[in-house]
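Q: For reference, the structure I am asking about is given below.
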Amino acid sequence: MTTKKQFNSFEEMLSGSDVPVLVDFYADWCGPCKMMGPILEQVNLELKSRIRIVKIDTEKYTQLATKYQIAALPTLVLFKQGQAVERIEGVVQAPQLVQHLKTLV
């Protein structure tokens, strides 16, 4: 289950996390992005103590999409200690995504 939290800045949220943060850059109009919702729920169930998943709407936060050069949707970016360390574009099925993330976290 995802929770909504407010932060003063994206950087504050990243630096304040004690676990790696997987950011799902998406848009409401994006069909493949909608497919990622249930996939990320499964990933969260399997890795909930090892990772935090955050969704960022690129339509509302265009400056973040620009800063992290988000050109395709959905794009997942894994941040460790505030730094982007991995980028995954497109839909990835839960088992493959979990397996890949386990090697990184």
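Quick note on naming: the chains in the structure tokens go A, B, ... in the order shown, residues restart at 1 in each chain, and ligands are numbered from 1 in order of appearance.
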Identify, on the basis of only C-alpha atoms, every residue whose closest approach to Lys102 in chain A does not exceed 10 Å; exclude the query and any residue fewer than 5 positions from it along the same chain; express the result as a ChimeraX atom specification.
A: /A:46-47,50-51,96-97
Q: Within 12 Å of Ala84 in chain A, counting only C-alpha atoms, which residues qualify if same-chain residues fewer than 5 places away don't, as a count of residues only?
A: 15
Q: Which residue is closest to Gly16 in chain A? Choose from A:Thr62, A:Arg52, A:Val105, A:Asp28 and count only C-alpha atoms.
A: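 Closest to Gly16 in chain A of all the choices is A:Arg52.
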Q: Run DSSP on the backbone and grab whatever in chain A lands in helix (DSSP H, G or I); send it over as a PyMOL selection string.
A: chain A and resi 10-15+31-47+62-67+94-104
Q: Could you pull the residues within 7 Å of Glu89 in chain A, counting only C-alpha atoms, minus those fewer than 5 positions along the same chain, as a PDB file with N, CA and C atoms, in the first residue's frame?
A:
ATOM      1  N   ALA A  72      10.819   9.316 -21.634  1.00  0.00           N
ATOM      2  CA  ALA A  72       9.872   8.231 -21.891  1.00  0.00           C
ATOM      3  C   ALA A  72       9.090   7.957 -20.613  1.00  0.00           C
ATOM      4  N   LEU A  73       7.855   7.526 -20.787  1.00  0.00           N
ATOM      5  CA  LEU A  73       7.022   7.187 -19.627  1.00  0.00           C
ATOM      6  C   LEU A  73       6.516   5.769 -19.773  1.00  0.00           C
ATOM      7  N   PRO A  74       6.450   5.020 -18.700  1.00  0.00           N
ATOM      8  CA  PRO A  74       6.973   5.364 -17.382  1.00  0.00           C
ATOM      9  C   PRO A  74       8.486   5.212 -17.326  1.00  0.00           C
ATOM     10  N   THR A  75       9.097   5.989 -16.443  1.00  0.00           N
ATOM     11  CA  THR A  75      10.523   5.844 -16.155  1.00  0.00           C
ATOM     12  C   THR A  75      10.675   5.682 -14.656  1.00  0.00           C
ATOM     13  N   LEU A  76      11.398   4.640 -14.266  1.00  0.00           N
ATOM     14  CA  LEU A  76      11.707   4.405 -12.862  1.00  0.00           C
ATOM     15  C   LEU A  76      13.159   4.808 -12.634  1.00  0.00           C
TER      16      LEU A  76
END
Q: When distances are computed from only C-alpha atoms, which of A:Asp18, A:Leu40, A:Ala27, A:Lys48 shows the smallest separation from Val92 in chain A?
A: A:Leu40
Q: When distances are computed from only C-alpha atoms, which of A:Ser17, A:Glu86, A:Glu59, A:Gly31 shows the smallest separation from Leu101 in chain A?
A: A:Glu86
Q: Could you work out how far CA of Ile53 in chain A lies from CA of Met36 in chain A, giving the answer in Å with one decimal?
A: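 Going from CA of Met36 in chain A over to CA of Ile53 in chain A covers 11.9 Å.
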Q: If you count only C-alpha atoms, which residues fall within 9 Å of Ile39 in chain A, apart from same-chain ones fewer than 5 positions away, as a short mmCIF file (atom, residue, chain, number, x, y, z; two decimals) with C-alpha atoms, in the first residue's frame?
A:
data_model
loop_
_atom_site.label_atom_id
_atom_site.label_comp_id
_atom_site.auth_asym_id
_atom_site.auth_seq_id
_atom_site.Cartn_x
_atom_site.Cartn_y
_atom_site.Cartn_z
CA ASN A 44 6.35 -2.89 -2.61
CA VAL A 91 6.84 -1.42 -18.33
CA VAL A 92 8.71 -4.16 -16.46
CA GLN A 93 6.86 -7.10 -14.95
CA ALA A 94 6.99 -7.48 -11.16
CA PRO A 95 9.16 -10.63 -10.93
CA LEU A 97 11.72 -5.78 -11.49
#
Q: Please report the interatomic distance between CA of Ile88 in chain A and CA of Tyr26 in chain A in Å with one decimal.
A: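 A separation of 12.4 Å between them.
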Q: I need the residues of chain A that end up classed as strand (DSSP E) by DSSP on the backbone, written out as a PyMOL selection string.
A: chain A and resi 21-26+52-57+75-80+83-89
Q: Which distance in Å separates CA of Leu64 in chain A and CA of Lys80 in chain A, to one decimal?
A: 16.9 Å
Q: Would you please work out which residue, of A:Glu12, A:Thr103, A:Val19, A:Ile70, is nearest to Ile56 in chain A when using only C-alpha atoms?
A: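 Of A:Glu12, A:Thr103, A:Val19, A:Ile70, the one nearest Ile56 in chain A is A:Ile70, counting only C-alpha atoms.
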